[in-house]
Amino acid sequence: MDNILDKESKNFMYRILENILKDLVETTIKEIKKSHDVEKFLWDKEELSRQCCMSIAEVDKKITSDRRMKVIERRKGKGKLYWQAEQAKEVIREIMNEWD
């Protein structure tokens with residue numbers, strides 16, 4: 001390929017490739033930033049399970065049964081239980097810091 005293209009043509013191709021790669025990197029960075037900005041406001045038991053890397057039964061036993069989690073839980077009527085994510089993170093840290 002070096003013999004086929006003159007210097008000007010090579011420079012032109014390199015500029016095109018550079019622009020393509022630059023656009024690709026910028027797009028990827030924007031997508032990563034966007035995905036990190038989409039943090040959930042509320043967690044249910046399934047999300048607690050995912051965030052804590054525990055089964056739902058284990059979350060019930062070790063996390064949601066704690067009085068501190070009971071204080072911050074929210075439920076409308078007899079519906080599903082929810083916890084505000086930021087509060088839940090703080091309480092879970094406290095609970096886990098007490099583990100041996």
# chains A, B, ... in the order shown; residues from 1 in each chain; ligands from 1
call {"tool": "residues_around", "arguments": {"residues": "A:Glu46", "least_positions_apart": "3", "cutoff": "9 Å", "atoms": "only C-alpha atoms", "output": "list in words"}}
result
Trp43, Ser49, Arg50, Gln51, Ser55 and Ile56 of chain A
call {"tool": "closest_residue", "arguments": {"among": "A:Glu18, A:Glu86, A:Asp6, A:Glu94", "to": "A:Phe41", "atoms": "only C-alpha atoms"}}
result
A:Glu86
call {"tool": "residues_around", "arguments": {"residues": "stretch 65-82 of chain A", "least_positions_apart": "4", "cutoff": "12 Å", "atoms": "only C-alpha atoms", "output": "CSV table (one decimal) with C-alpha atoms, in the first residue's frame"}}
result
chain,number,residue,atom,x,y,z
A,40,LYS,CA,-32.2,4.9,40.4
A,41,PHE,CA,-34.0,7.0,43.0
A,42,LEU,CA,-35.9,4.1,44.6
A,43,TRP,CA,-34.9,0.5,45.2
A,44,ASP,CA,-37.2,-2.4,45.7
A,45,LYS,CA,-36.2,-5.8,47.2
A,46,GLU,CA,-35.0,-7.0,43.7
A,47,GLU,CA,-32.8,-4.0,43.3
A,48,LEU,CA,-31.5,-4.3,46.9
A,56,ILE,CA,-33.7,-11.8,48.0
A,57,ALA,CA,-34.0,-14.2,50.9
A,58,GLU,CA,-30.5,-13.2,52.2
A,59,VAL,CA,-31.5,-9.5,51.8
A,60,ASP,CA,-34.6,-10.1,53.8
A,61,LYS,CA,-32.6,-11.9,56.5
A,86,GLU,CA,-29.2,7.1,48.9
A,87,GLN,CA,-30.6,6.5,52.3
A,88,ALA,CA,-30.5,2.7,51.7
A,89,LYS,CA,-26.8,2.9,50.8
A,90,GLU,CA,-26.0,4.7,54.0
A,91,VAL,CA,-28.0,2.3,56.2
A,92,ILE,CA,-26.6,-0.8,54.4
A,93,ARG,CA,-23.0,0.5,55.0
A,94,GLU,CA,-23.8,0.9,58.7
A,95,ILE,CA,-25.3,-2.6,58.9
A,96,MET,CA,-22.4,-4.2,57.1
A,98,GLU,CA,-21.3,-4.2,62.2
call {"tool": "select_by_dssp", "arguments": {"residues": "stretch 43-79 of chain A", "states": "helix (DSSP H, G or I)", "output": "list in words"}}
result
Lys45, Glu46, Glu47, Leu48, Ser49, Arg50, Gln51, Cys52, Ile56, Ala57, Glu58, Val59, Asp60, Lys61, Lys62, Ile63, Thr64, Arg67, Arg68, Met69, Lys70, Val71 and Ile72 of chain A
call {"tool": "write_last_selection", "arguments": {"atoms": "C-alpha atoms", "output": "compact mmCIF listing (two decimals), in the first residue's frame"}}
result
# COMPACT_ATOMS: atom_id res chain seq x y z
CA LYS A 45 -36.17 -5.80 47.15
CA GLU A 46 -35.04 -7.02 43.74
CA GLU A 47 -32.80 -3.97 43.29
CA LEU A 48 -31.48 -4.31 46.85
CA SER A 49 -30.65 -7.91 46.01
CA ARG A 50 -28.80 -6.84 42.86
CA GLN A 51 -26.96 -3.96 44.54
CA CYS A 52 -25.88 -6.12 47.50
CA ILE A 56 -33.69 -11.83 47.99
CA ALA A 57 -33.99 -14.22 50.94
CA GLU A 58 -30.55 -13.15 52.17
CA VAL A 59 -31.46 -9.46 51.76
CA ASP A 60 -34.62 -10.11 53.81
CA LYS A 61 -32.63 -11.85 56.52
CA LYS A 62 -29.60 -9.55 56.73
CA ILE A 63 -30.74 -6.15 55.43
CA THR A 64 -34.46 -5.38 55.27
CA ARG A 67 -34.79 -1.70 62.26
CA ARG A 68 -32.82 1.04 60.44
CA MET A 69 -34.10 -0.21 57.08
CA LYS A 70 -37.63 -0.47 58.51
CA VAL A 71 -37.45 3.23 59.43
CA ILE A 72 -36.69 4.30 55.85
call {"tool": "select_by_dssp", "arguments": {"residues": "stretch 1-75 of chain A", "states": "strand (DSSP E or B)", "output": "PyMOL selection string"}}
result
chain A and resi 42-43+73-74
call {"tool": "atom_distance", "arguments": {"atom1": "atom CA of A:Ser35", "atom2": "atom CA of A:Gln84"}}
result
19.5 Å
call {"tool": "atom_distance", "arguments": {"atom1": "atom CA of A:Ala85", "atom2": "atom CA of A:Met54"}}
result
16.5 Å
